[in-house]
>>> print(open('target_33.cif').read())   # mmCIF, C-alpha atoms and all ligand atoms
data_data
loop_
_atom_site.group_PDB
_atom_site.id
_atom_site.type_symbol
_atom_site.label_atom_id
_atom_site.label_comp_id
_atom_site.auth_asym_id
_atom_site.auth_seq_id
_atom_site.Cartn_x
_atom_site.Cartn_y
_atom_site.Cartn_z
ATOM 1 C CA MET A 1 8.431 -184.429 18.926
ATOM 2 C CA ILE A 2 9.652 -181.965 21.545
ATOM 3 C CA ALA A 3 12.646 -183.217 23.546
ATOM 4 C CA THR A 4 12.447 -183.171 27.320
ATOM 5 C CA ILE A 5 14.679 -181.892 30.104
ATOM 6 C CA THR A 6 14.915 -183.776 33.381
ATOM 7 C CA LEU A 7 14.485 -181.843 36.615
ATOM 8 C CA PRO A 8 16.410 -182.749 39.785
ATOM 9 C CA GLY A 9 13.474 -184.835 41.087
ATOM 10 C CA GLY A 10 13.423 -186.921 37.884
ATOM 11 C CA GLU A 11 10.333 -185.301 36.369
ATOM 12 C CA THR A 12 10.572 -184.112 32.753
ATOM 13 C CA VAL A 13 9.515 -180.845 31.125
ATOM 14 C CA PRO A 14 9.531 -179.895 27.425
ATOM 15 C CA ALA A 15 12.674 -178.178 26.102
ATOM 16 C CA LEU A 16 10.451 -175.816 24.148
ATOM 17 C CA GLY A 17 7.906 -173.714 26.014
ATOM 18 C CA GLN A 18 5.964 -170.488 25.535
ATOM 19 C CA GLY A 19 6.768 -166.962 26.689
ATOM 20 C CA SER A 20 4.137 -164.363 27.540
ATOM 21 C CA TRP A 21 5.753 -160.935 27.775
ATOM 22 C CA LYS A 22 3.432 -158.244 26.271
ATOM 23 C CA MET A 23 0.489 -160.663 26.255
ATOM 24 C CA GLY A 24 -2.843 -159.896 27.911
ATOM 25 C CA GLU A 25 -2.414 -156.147 27.537
ATOM 26 C CA ARG A 26 -4.647 -155.443 24.532
ATOM 27 C CA ARG A 27 -8.298 -156.329 24.274
ATOM 28 C CA ASP A 28 -8.155 -156.510 20.458
ATOM 29 C CA LEU A 29 -5.399 -159.144 20.585
ATOM 30 C CA ARG A 30 -6.885 -161.254 23.362
ATOM 31 C CA ALA A 31 -8.675 -163.866 21.245
ATOM 32 C CA ALA A 32 -5.568 -164.420 19.100
ATOM 33 C CA GLU A 33 -3.373 -164.717 22.198
ATOM 34 C CA VAL A 34 -5.686 -167.250 23.832
ATOM 35 C CA ALA A 35 -5.691 -169.247 20.595
ATOM 36 C CA ALA A 36 -1.878 -169.028 20.420
ATOM 37 C CA LEU A 37 -1.376 -170.332 23.953
ATOM 38 C CA ARG A 38 -3.839 -173.174 23.424
ATOM 39 C CA ALA A 39 -2.359 -174.132 20.045
ATOM 40 C CA GLY A 40 1.089 -174.123 21.665
ATOM 41 C CA VAL A 41 -0.079 -176.468 24.415
ATOM 42 C CA ASP A 42 -1.749 -178.711 21.813
ATOM 43 C CA ALA A 43 1.618 -178.875 20.051
ATOM 44 C CA GLY A 44 3.404 -179.927 23.236
ATOM 45 C CA MET A 45 4.725 -176.570 24.474
ATOM 46 C CA THR A 46 3.198 -177.083 27.887
ATOM 47 C CA LEU A 47 5.800 -175.065 29.811
ATOM 48 C CA ILE A 48 4.490 -171.501 30.099
ATOM 49 C CA ASP A 49 6.711 -168.623 31.217
ATOM 50 C CA THR A 50 5.286 -165.472 32.756
ATOM 51 C CA ALA A 51 6.005 -162.859 35.451
ATOM 52 C CA GLU A 52 4.155 -160.542 37.794
ATOM 53 C CA MET A 53 5.816 -157.707 35.858
ATOM 54 C CA TYR A 54 4.225 -158.588 32.499
ATOM 55 C CA GLY A 55 1.392 -156.104 32.122
ATOM 56 C CA GLU A 56 1.461 -155.796 35.945
ATOM 57 C CA GLY A 57 -0.290 -159.152 36.207
ATOM 58 C CA ALA A 58 -2.181 -159.031 32.910
ATOM 59 C CA ALA A 59 -0.150 -161.861 31.338
ATOM 60 C CA GLU A 60 -0.702 -164.120 34.355
ATOM 61 C CA THR A 61 -4.418 -163.359 34.244
ATOM 62 C CA LEU A 62 -4.564 -164.172 30.524
ATOM 63 C CA ILE A 63 -2.800 -167.501 31.101
ATOM 64 C CA GLY A 64 -5.177 -168.349 33.939
ATOM 65 C CA GLU A 65 -8.170 -167.641 31.727
ATOM 66 C CA ALA A 66 -6.792 -169.237 28.562
ATOM 67 C CA LEU A 67 -5.466 -172.419 30.121
ATOM 68 C CA GLY A 68 -7.254 -172.807 33.449
ATOM 69 C CA ASP A 69 -9.073 -175.921 32.221
ATOM 70 C CA ARG A 70 -5.748 -177.490 31.211
ATOM 71 C CA ARG A 71 -3.782 -176.826 34.410
ATOM 72 C CA ASP A 72 -2.806 -180.477 34.831
ATOM 73 C CA GLU A 73 -0.981 -180.464 31.484
ATOM 74 C CA LEU A 74 1.085 -177.380 32.316
ATOM 75 C CA PHE A 75 4.382 -176.525 33.927
ATOM 76 C CA LEU A 76 3.926 -172.892 35.035
ATOM 77 C CA VAL A 77 6.921 -170.604 35.496
ATOM 78 C CA SER A 78 6.512 -167.141 37.012
ATOM 79 C CA LYS A 79 8.836 -164.477 38.391
ATOM 80 C CA ALA A 80 8.867 -162.010 41.238
ATOM 81 C CA TYR A 81 10.135 -158.440 41.047
ATOM 82 C CA PRO A 82 13.441 -157.913 42.878
ATOM 83 C CA HIS A 83 11.707 -155.526 45.298
ATOM 84 C CA ASN A 84 9.348 -158.360 46.236
ATOM 85 C CA ALA A 85 12.133 -160.882 46.828
ATOM 86 C CA GLY A 86 12.441 -160.452 50.614
ATOM 87 C CA ARG A 87 11.007 -162.664 53.347
ATOM 88 C CA ASP A 88 7.978 -160.426 53.997
ATOM 89 C CA ARG A 89 6.998 -159.583 50.449
ATOM 90 C CA LEU A 90 7.754 -162.759 48.482
ATOM 91 C CA PRO A 91 4.858 -164.774 50.002
ATOM 92 C CA LYS A 92 2.451 -161.933 49.147
ATOM 93 C CA ALA A 93 3.782 -161.598 45.594
ATOM 94 C CA CYS A 94 3.494 -165.365 45.164
ATOM 95 C CA GLU A 95 -0.089 -165.413 46.461
ATOM 96 C CA ALA A 96 -1.036 -162.661 44.009
ATOM 97 C CA SER A 97 0.516 -164.590 41.107
ATOM 98 C CA LEU A 98 -1.265 -167.779 42.196
ATOM 99 C CA ARG A 99 -4.575 -165.919 42.297
ATOM 100 C CA ARG A 100 -4.109 -164.412 38.835
ATOM 101 C CA LEU A 101 -2.990 -167.731 37.360
ATOM 102 C CA GLY A 102 -5.949 -169.454 39.015
ATOM 103 C CA THR A 103 -3.815 -172.202 40.497
ATOM 104 C CA GLU A 104 -2.679 -173.500 43.867
ATOM 105 C CA ARG A 105 0.987 -173.853 43.021
ATOM 106 C CA ILE A 106 3.609 -172.423 40.684
ATOM 107 C CA ASP A 107 5.890 -175.097 39.269
ATOM 108 C CA LEU A 108 8.981 -172.901 39.016
ATOM 109 C CA TYR A 109 9.245 -169.485 40.673
ATOM 110 C CA LEU A 110 12.104 -167.159 39.730
ATOM 111 C CA LEU A 111 13.725 -164.004 41.030
ATOM 112 C CA HIS A 112 13.357 -161.808 37.907
ATOM 113 C CA TRP A 113 16.688 -160.020 38.312
ATOM 114 C CA ARG A 114 18.973 -159.138 41.168
ATOM 115 C CA GLY A 115 18.018 -156.125 43.279
ATOM 116 C CA SER A 116 18.929 -154.893 46.728
ATOM 117 C CA VAL A 117 17.484 -157.792 48.772
ATOM 118 C CA PRO A 118 20.375 -160.038 49.896
ATOM 119 C CA LEU A 119 20.455 -163.294 47.912
ATOM 120 C CA ALA A 120 20.521 -165.328 51.142
ATOM 121 C CA GLU A 121 17.186 -163.803 52.171
ATOM 122 C CA THR A 122 15.633 -164.608 48.787
ATOM 123 C CA VAL A 123 16.901 -168.194 49.018
ATOM 124 C CA ASP A 124 15.301 -168.566 52.455
ATOM 125 C CA ALA A 125 12.039 -167.055 51.224
ATOM 126 C CA MET A 126 11.981 -169.404 48.216
ATOM 127 C CA HIS A 127 12.636 -172.414 50.464
ATOM 128 C CA ALA A 128 9.797 -171.325 52.762
ATOM 129 C CA LEU A 129 7.398 -171.098 49.790
ATOM 130 C CA ARG A 130 8.459 -174.536 48.628
ATOM 131 C CA ASP A 131 8.002 -175.986 52.114
ATOM 132 C CA ALA A 132 4.528 -174.429 52.223
ATOM 133 C CA GLY A 133 3.622 -176.111 48.901
ATOM 134 C CA LYS A 134 3.107 -172.810 47.069
ATOM 135 C CA ILE A 135 5.906 -173.500 44.569
ATOM 136 C CA ARG A 136 7.608 -176.706 43.477
ATOM 137 C CA TYR A 137 11.013 -175.462 42.264
ATOM 138 C CA TRP A 138 12.694 -172.084 42.477
ATOM 139 C CA GLY A 139 15.316 -170.304 40.411
ATOM 140 C CA VAL A 140 16.648 -166.983 39.205
ATOM 141 C CA SER A 141 16.881 -164.886 36.073
ATOM 142 C CA ASN A 142 19.511 -162.565 34.620
ATOM 143 C CA LEU A 143 22.234 -163.706 37.033
ATOM 144 C CA ASP A 144 25.771 -163.955 35.662
ATOM 145 C CA VAL A 145 28.473 -166.348 36.893
ATOM 146 C CA GLU A 146 29.615 -164.206 39.832
ATOM 147 C CA ASP A 147 26.065 -163.737 41.095
ATOM 148 C CA MET A 148 25.381 -167.452 40.660
ATOM 149 C CA ALA A 149 28.476 -168.350 42.693
ATOM 150 C CA GLU A 150 27.279 -165.960 45.400
ATOM 151 C CA LEU A 151 23.815 -167.527 45.277
ATOM 152 C CA VAL A 152 25.242 -170.998 45.812
ATOM 153 C CA ALA A 153 27.403 -169.733 48.677
ATOM 154 C CA ALA A 154 24.250 -168.200 50.195
ATOM 155 C CA GLY A 155 22.595 -171.641 50.403
ATOM 156 C CA GLY A 156 21.088 -171.668 46.927
ATOM 157 C CA ASP A 157 22.728 -174.775 45.507
ATOM 158 C CA ASP A 158 19.269 -176.239 44.846
ATOM 159 C CA CYS A 159 18.452 -173.432 42.393
ATOM 160 C CA ALA A 160 16.773 -175.216 39.466
ATOM 161 C CA SER A 161 17.345 -172.707 36.678
ATOM 162 C CA ASP A 162 18.807 -169.404 35.503
ATOM 163 C CA GLN A 163 16.660 -167.734 32.837
ATOM 164 C CA ILE A 164 18.884 -165.615 30.586
ATOM 165 C CA LEU A 165 19.069 -163.760 27.301
ATOM 166 C CA TYR A 166 20.609 -166.302 24.936
ATOM 167 C CA ASN A 167 20.099 -166.697 21.200
ATOM 168 C CA LEU A 168 22.119 -166.888 17.967
ATOM 169 C CA GLY A 169 22.919 -163.183 18.139
ATOM 170 C CA ARG A 170 23.726 -163.207 21.888
ATOM 171 C CA ARG A 171 26.206 -166.012 22.343
ATOM 172 C CA GLY A 172 28.186 -164.457 25.207
ATOM 173 C CA PRO A 173 26.926 -166.939 27.855
ATOM 174 C CA GLU A 174 28.590 -169.813 25.968
ATOM 175 C CA PHE A 175 31.950 -168.604 27.206
ATOM 176 C CA ASP A 176 31.398 -169.145 30.923
ATOM 177 C CA LEU A 177 27.807 -169.088 32.210
ATOM 178 C CA LEU A 178 26.412 -172.032 30.218
ATOM 179 C CA PRO A 179 29.288 -174.382 31.185
ATOM 180 C CA TRP A 180 28.943 -173.216 34.812
ATOM 181 C CA LEU A 181 25.212 -174.044 34.831
ATOM 182 C CA ASP A 182 25.683 -177.341 32.974
ATOM 183 C CA ALA A 183 28.326 -178.465 35.472
ATOM 184 C CA ARG A 184 25.829 -177.937 38.309
ATOM 185 C CA ARG A 185 22.861 -179.353 36.401
ATOM 186 C CA MET A 186 21.022 -176.075 36.679
ATOM 187 C CA ILE A 187 18.780 -175.603 33.655
ATOM 188 C CA THR A 188 19.387 -172.722 31.271
ATOM 189 C CA MET A 189 16.161 -171.072 30.131
ATOM 190 C CA ALA A 190 16.848 -169.067 26.972
ATOM 191 C CA TYR A 191 14.616 -166.004 26.760
ATOM 192 C CA SER A 192 14.014 -163.870 23.657
ATOM 193 C CA PRO A 193 15.118 -166.874 21.569
ATOM 194 C CA VAL A 194 14.220 -165.131 18.311
ATOM 195 C CA GLU A 195 15.532 -161.781 19.619
ATOM 196 C CA GLN A 196 11.978 -160.415 19.966
ATOM 197 C CA GLY A 197 11.363 -161.139 16.288
ATOM 198 C CA ARG A 198 14.480 -159.375 14.987
ATOM 199 C CA LEU A 199 16.280 -162.615 14.052
ATOM 200 C CA VAL A 200 13.431 -163.605 11.754
ATOM 201 C CA GLY A 201 14.543 -161.072 9.145
ATOM 202 C CA HIS A 202 18.234 -161.977 9.207
ATOM 203 C CA PRO A 203 19.436 -162.745 5.639
ATOM 204 C CA ILE A 204 21.654 -165.706 6.601
ATOM 205 C CA LEU A 205 18.913 -167.266 8.669
ATOM 206 C CA LYS A 206 16.524 -166.811 5.747
ATOM 207 C CA GLN A 207 19.019 -168.435 3.395
ATOM 208 C CA VAL A 208 19.633 -171.380 5.726
ATOM 209 C CA ALA A 209 15.904 -171.775 6.359
ATOM 210 C CA ASP A 210 15.205 -171.908 2.614
ATOM 211 C CA THR A 211 17.682 -174.749 2.122
ATOM 212 C CA LEU A 212 15.910 -176.715 4.866
ATOM 213 C CA SER A 213 12.337 -175.863 3.802
ATOM 214 C CA ALA A 214 11.952 -174.327 7.240
ATOM 215 C CA THR A 215 11.492 -170.770 8.545
ATOM 216 C CA PRO A 216 14.087 -168.459 10.140
ATOM 217 C CA ALA A 217 12.328 -168.693 13.520
ATOM 218 C CA GLN A 218 12.485 -172.489 13.352
ATOM 219 C CA VAL A 219 16.212 -172.422 12.537
ATOM 220 C CA ALA A 220 16.921 -170.026 15.441
ATOM 221 C CA LEU A 221 14.976 -172.267 17.820
ATOM 222 C CA ALA A 222 16.408 -175.542 16.502
ATOM 223 C CA TRP A 223 19.898 -174.094 17.001
ATOM 224 C CA LEU A 224 19.103 -173.528 20.701
ATOM 225 C CA LEU A 225 17.430 -176.913 21.136
ATOM 226 C CA ARG A 226 20.665 -178.730 20.262
ATOM 227 C CA ARG A 227 21.837 -178.050 23.810
ATOM 228 C CA LYS A 228 21.009 -180.775 26.334
ATOM 229 C CA ASN A 229 20.330 -178.603 29.374
ATOM 230 C CA LEU A 230 18.297 -175.799 27.841
ATOM 231 C CA ILE A 231 14.671 -174.729 27.578
ATOM 232 C CA ALA A 232 13.734 -172.103 24.956
ATOM 233 C CA ILE A 233 10.613 -169.992 25.549
ATOM 234 C CA PRO A 234 9.554 -168.145 22.388
ATOM 235 C CA LYS A 235 6.530 -165.877 22.678
ATOM 236 C CA ALA A 236 3.919 -166.195 19.929
ATOM 237 C CA GLY A 237 0.896 -163.951 19.617
ATOM 238 C CA THR A 238 -0.827 -166.082 16.999
ATOM 239 C CA ALA A 239 -1.661 -169.778 16.706
ATOM 240 C CA ALA A 240 0.224 -169.881 13.395
ATOM 241 C CA HIS A 241 3.430 -168.643 15.041
ATOM 242 C CA ALA A 242 2.966 -171.032 17.962
ATOM 243 C CA ARG A 243 2.603 -174.026 15.630
ATOM 244 C CA GLU A 244 5.519 -172.858 13.523
ATOM 245 C CA ASN A 245 7.705 -172.571 16.609
ATOM 246 C CA ALA A 246 6.736 -176.042 17.816
ATOM 247 C CA GLY A 247 7.851 -177.341 14.412
ATOM 248 C CA ALA A 248 11.426 -176.364 15.300
ATOM 249 C CA ALA A 249 11.591 -179.453 17.474
ATOM 250 C CA ASP A 250 11.587 -181.626 14.341
ATOM 251 C CA LEU A 251 14.264 -179.665 12.500
ATOM 252 C CA HIS A 252 17.739 -181.173 12.346
ATOM 253 C CA LEU A 253 20.669 -178.854 11.662
ATOM 254 C CA GLY A 254 23.584 -180.637 9.983
ATOM 255 C CA ASP A 255 27.273 -179.760 10.288
ATOM 256 C CA GLU A 256 27.315 -177.564 7.180
ATOM 257 C CA VAL A 257 24.397 -175.516 8.431
ATOM 258 C CA LEU A 258 25.959 -175.179 11.871
ATOM 259 C CA GLU A 259 29.217 -173.976 10.323
ATOM 260 C CA ALA A 260 27.353 -171.384 8.246
ATOM 261 C CA LEU A 261 25.567 -170.172 11.371
ATOM 262 C CA ASP A 262 28.886 -170.001 13.275
ATOM 263 C CA ARG A 263 30.336 -167.817 10.535
ATOM 264 C CA ALA A 264 27.352 -165.452 10.622
ATOM 265 C CA PHE A 265 27.011 -165.493 14.423
ATOM 266 C CA PRO A 266 30.476 -166.178 15.869
ATOM 267 C CA ALA A 267 30.924 -167.905 19.220
ATOM 268 C CA PRO A 268 32.521 -165.722 21.922
ATOM 269 C CA SER A 269 36.281 -165.892 22.394
ATOM 270 C CA THR A 270 36.418 -163.677 25.481
ATOM 271 C CA PRO A 271 34.190 -163.241 28.535
ATOM 272 C CA SER A 272 31.463 -160.609 28.417
ATOM 273 C CA ARG A 273 28.824 -159.348 30.822
ATOM 274 C CA LEU A 274 25.458 -161.059 30.645
ATOM 275 C CA GLU A 275 23.095 -158.902 28.604
ATOM 276 C CA MET A 276 19.470 -158.243 29.552
ATOM 277 C CA LEU A 277 16.348 -157.134 27.682
HETATM 278 P P1 LIG B 1 10.968 -163.686 21.482
HETATM 279 O O1 LIG B 1 10.219 -164.846 21.944
HETATM 280 O O2 LIG B 1 12.365 -163.857 21.012
HETATM 281 O O3 LIG B 1 10.182 -162.960 20.289
HETATM 282 C C1 LIG B 1 8.812 -162.664 20.339
HETATM 283 C C2 LIG B 1 8.478 -161.889 19.067
HETATM 284 O O4 LIG B 1 8.796 -162.708 17.942
HETATM 285 C C3 LIG B 1 7.037 -161.497 18.934
HETATM 286 O O5 LIG B 1 6.991 -160.234 18.324
HETATM 287 C C4 LIG B 1 6.466 -162.546 18.010
HETATM 288 O O6 LIG B 1 5.433 -162.043 17.189
HETATM 289 C C5 LIG B 1 7.642 -162.893 17.151
HETATM 290 N N1 LIG B 1 7.584 -164.283 16.713
HETATM 291 C C6 LIG B 1 7.429 -165.381 17.501
HETATM 292 N N2 LIG B 1 7.408 -166.488 16.745
HETATM 293 C C7 LIG B 1 7.537 -166.081 15.472
HETATM 294 C C8 LIG B 1 7.572 -166.760 14.225
HETATM 295 N N3 LIG B 1 7.471 -168.093 14.182
HETATM 296 N N4 LIG B 1 7.729 -166.029 13.097
HETATM 297 C C9 LIG B 1 7.840 -164.692 13.151
HETATM 298 N N5 LIG B 1 7.813 -163.994 14.294
HETATM 299 C C10 LIG B 1 7.658 -164.687 15.442
HETATM 300 O O7 LIG B 1 11.014 -162.515 22.562
HETATM 301 P P2 LIG B 1 10.496 -162.325 24.053
HETATM 302 O O8 LIG B 1 9.027 -162.301 24.094
HETATM 303 O O9 LIG B 1 11.241 -161.159 24.600
HETATM 304 O O10 LIG B 1 11.077 -163.609 24.826
HETATM 305 C C11 LIG B 1 10.337 -164.786 25.019
HETATM 306 C C12 LIG B 1 9.859 -164.896 26.443
HETATM 307 O O11 LIG B 1 10.956 -164.912 27.354
HETATM 308 C C13 LIG B 1 9.044 -163.677 26.910
HETATM 309 O O12 LIG B 1 7.768 -163.638 26.335
HETATM 310 C C14 LIG B 1 9.117 -163.866 28.391
HETATM 311 O O13 LIG B 1 8.211 -164.864 28.803
HETATM 312 C C15 LIG B 1 10.573 -164.295 28.557
HETATM 313 N N6 LIG B 1 11.500 -163.168 28.833
HETATM 314 C C16 LIG B 1 12.133 -163.136 30.056
HETATM 315 C C17 LIG B 1 12.983 -162.085 30.380
HETATM 316 C C18 LIG B 1 13.665 -162.049 31.715
HETATM 317 O O14 LIG B 1 14.218 -161.011 32.098
HETATM 318 N N7 LIG B 1 13.655 -163.139 32.439
HETATM 319 C C19 LIG B 1 13.218 -161.057 29.445
HETATM 320 C C20 LIG B 1 12.601 -161.138 28.191
HETATM 321 C C21 LIG B 1 11.747 -162.211 27.902
HETATM 322 P P3 LIG B 1 3.894 -162.418 17.439
HETATM 323 O O15 LIG B 1 3.583 -161.952 18.826
HETATM 324 O O16 LIG B 1 3.211 -161.672 16.358
HETATM 325 O O17 LIG B 1 3.753 -163.905 17.287
#
>>> encode(input="target_33.cif", output="structure tokens")
Amino acid sequence: MIATITLPGGETVPALGQGSWKMGERRDLRAAEVAALRAGVDAGMTLIDTAEMYGEGAAETLIGEALGDRRDELFLVSKAYPHNAGRDRLPKACEASLRRLGTERIDLYLLHWRGSVPLAETVDAMHALRDAGKIRYWGVSNLDVEDMAELVAAGGDDCASDQILYNLGRRGPEFDLLPWLDARRMITMAYSPVEQGRLVGHPILKQVADTLSATPAQVALAWLLRRKNLIAIPKAGTAAHARENAGAADLHLGDEVLEALDRAFPAPSTPSRLEML
């Protein structure tokens, strides 16, 4: 059973969703990707993360085609390029994403990373889209504590989420950004939760997974899902991976396992800059 996270309005979304970077770009993989997305939704991973950048719209188009008949079950997250984050361009970027996704509204719309458009202008543009019913919530991605403080000062205290690189091997945000977001009830979305597949081959994760009759990907995801204010969005290109990832929701990590993971992947003791992939 996948745990849920409560949004400011009281509505709940699953703490485990599905990413889509690199999807929709290869004809020979299309059938497997459609099957993966649908299997993920069947397993309860109804939050789908995408971006206009992914395949220059190809991932959004794939999601629209693969899941168009299941729109009512979904919570769709998409992101705008920084160069589209101004008052003139954001509505156009949003319309294009809506068209590709085959929907009338995006549930959560994010600024993909910070560019040269002033944050205050992006906040205003996001509010205008929300008022027009084109999006339901808005947020950001790849913003560190200083940028987040600036965002709030620029009128963005209703930002719903910061989507960041956070996984067992990238624990830097635990030092300052995660507590900052938790204190403001802004949701952390952890991207690249299995480090783009690289964590799956880690010997300690393999060892821990064996003792639990689980897989390394499941251990990496279960470790993230312990946090109360976090949504993890693994990308799976096959239905088997999608189902395996959903299984992480039922995996309990005991104290001994957590200590072993802490030894292999130490928590940060000093601040560090937020990393990006
Ligand atoms: P990821 O989810 O950590 O890893 C995806 C890779 O891991 C794929 O190669 C996948 O292979 C493999 N994998 C997935 N499940 C597996 C399993 N159970 N066993 C073995 N291998 C498995 O990396 P990501 O795609 O970079 O991140 C996830 C999502 O976060 C993205 O898709 C995107 O939506 C979002 N993201 C956002 C940003 C941002 O700047 N905001 C940046 C990066 C990513 P298969 O394809 O073969 O299943």
>>> resolve_selection(input="target_33.cif", expression="the PyMOL selection byres (((chain A and resi 120) around 8) and not hetatm)", output="JSON, numbers by chain")
{"A": [118, 119, 121, 122, 123, 124, 151, 154, 155, 156]}
>>> residues_near_ligand(input="target_33.cif", ligand="ligand LIG 1 (chain B)", cutoff="6 Å", atoms="only C-alpha atoms and all ligand atoms", output="JSON, numbers by chain")
{"A": [19, 20, 21, 49, 50, 112, 141, 163, 191, 192, 193, 194, 195, 196, 197, 200, 217, 233, 234, 235, 236, 237, 238, 241, 244, 245, 277]}
>>> write_last_selection(input="target_33.cif", atoms="C-alpha atoms", output="PDB file, in the frame of the given file")
ATOM      1  CA  GLY A  19       6.768-166.962  26.689  1.00  0.00           C
ATOM      2  CA  SER A  20       4.137-164.363  27.540  1.00  0.00           C
ATOM      3  CA  TRP A  21       5.753-160.935  27.775  1.00  0.00           C
ATOM      4  CA  ASP A  49       6.711-168.623  31.217  1.00  0.00           C
ATOM      5  CA  THR A  50       5.286-165.472  32.756  1.00  0.00           C
ATOM      6  CA  HIS A 112      13.357-161.808  37.907  1.00  0.00           C
ATOM      7  CA  SER A 141      16.881-164.886  36.073  1.00  0.00           C
ATOM      8  CA  GLN A 163      16.660-167.734  32.837  1.00  0.00           C
ATOM      9  CA  TYR A 191      14.616-166.004  26.760  1.00  0.00           C
ATOM     10  CA  SER A 192      14.014-163.870  23.657  1.00  0.00           C
ATOM     11  CA  PRO A 193      15.118-166.874  21.569  1.00  0.00           C
ATOM     12  CA  VAL A 194      14.220-165.131  18.311  1.00  0.00           C
ATOM     13  CA  GLU A 195      15.532-161.781  19.619  1.00  0.00           C
ATOM     14  CA  GLN A 196      11.978-160.415  19.966  1.00  0.00           C
ATOM     15  CA  GLY A 197      11.363-161.139  16.288  1.00  0.00           C
ATOM     16  CA  VAL A 200      13.431-163.605  11.754  1.00  0.00           C
ATOM     17  CA  ALA A 217      12.328-168.693  13.520  1.00  0.00           C
ATOM     18  CA  ILE A 233      10.613-169.992  25.549  1.00  0.00           C
ATOM     19  CA  PRO A 234       9.554-168.145  22.388  1.00  0.00           C
ATOM     20  CA  LYS A 235       6.530-165.877  22.678  1.00  0.00           C
ATOM     21  CA  ALA A 236       3.919-166.195  19.929  1.00  0.00           C
ATOM     22  CA  GLY A 237       0.896-163.951  19.617  1.00  0.00           C
ATOM     23  CA  THR A 238      -0.827-166.082  16.999  1.00  0.00           C
ATOM     24  CA  HIS A 241       3.430-168.643  15.041  1.00  0.00           C
ATOM     25  CA  GLU A 244       5.519-172.858  13.523  1.00  0.00           C
ATOM     26  CA  ASN A 245       7.705-172.571  16.609  1.00  0.00           C
ATOM     27  CA  LEU A 277      16.348-157.134  27.682  1.00  0.00           C
TER      28      LEU A 277
END
>>> atom_distance(input="target_33.cif", atom1="atom CA of A:Ala58", atom2="atom CA of A:Gln18")
15.9 Å
>>> resolve_selection(input="target_33.cif", expression="the PyMOL selection byres (((chain A and resi 35) around 10) and not hetatm)", output="PyMOL selection string")
chain A and resi 30-34+36-41+66+237-240+242
>>> atom_distance(input="target_33.cif", atom1="atom CA of A:Pro91", atom2="atom CA of A:Ile135")
10.3 Å
>>> resolve_selection(input="target_33.cif", expression="the PyMOL selection byres (((chain A and resi 64) around 8) and not hetatm)", output="compact mmCIF listing (two decimals) with C-alpha atoms, in the coordinates of the input")
# COMPACT_ATOMS: atom_id res chain seq x y z
CA GLU A 60 -0.70 -164.12 34.35
CA THR A 61 -4.42 -163.36 34.24
CA LEU A 62 -4.56 -164.17 30.52
CA ILE A 63 -2.80 -167.50 31.10
CA GLU A 65 -8.17 -167.64 31.73
CA ALA A 66 -6.79 -169.24 28.56
CA LEU A 67 -5.47 -172.42 30.12
CA GLY A 68 -7.25 -172.81 33.45
CA ARG A 100 -4.11 -164.41 38.84
CA LEU A 101 -2.99 -167.73 37.36
CA GLY A 102 -5.95 -169.45 39.02
CA THR A 103 -3.82 -172.20 40.50
>>> closest_residue(input="target_33.cif", among="A:Leu29, A:Tyr109, A:Glu11, A:Gly254", to="A:Arg130", atoms="only C-alpha atoms")
A:Tyr109
>>> closest_residue(input="target_33.cif", among="A:Ile187, A:Leu253, A:Ala153, A:Ile231", to="A:Ala209", atoms="all atoms listed in the file")
A:Leu253
>>> closest_residue(input="target_33.cif", among="A:Thr46, A:Asp131, A:Asp176, A:Leu258", to="A:Met148", atoms="all atoms listed in the file")
A:Asp176
>>> closest_residue(input="target_33.cif", among="A:Arg198, A:Lys134, A:Lys22, A:Arg170", to="A:Arg99", atoms="all atoms listed in the file")
A:Lys134
>>> axis_aligned_box(input="target_33.cif", around="stretch 232-246 of chain A", padding_each_side="8 Å", output="JSON")
{"center_x": 6.0, "center_y": -170.0, "center_z": 19.5, "size_x": 31.4, "size_y": 28.1, "size_z": 28.2}
>>> closest_residue(input="target_33.cif", among="A:Leu178, A:Leu168, A:Cys94, A:Leu274", to="A:Asn142", atoms="all atoms listed in the file")
A:Leu274
>>> closest_residue(input="target_33.cif", among="A:Thr188, A:Asn84, A:Thr211, A:Thr4", to="A:Val140", atoms="all atoms listed in the file")
A:Thr188
>>> residues_around(input="target_33.cif", residues="A:Ala264", least_positions_apart="2", cutoff="10 Å", atoms="all atoms listed in the file", output="list in words")
Leu168, Gly169, His202, Pro203, Ile204, Leu205, Leu258, Glu259, Ala260, Leu261, Asp262, Pro266 and Ala267 of chain A
>>> atom_distance(input="target_33.cif", atom1="atom CA of A:Gly57", atom2="atom CA of A:His127")
23.4 Å
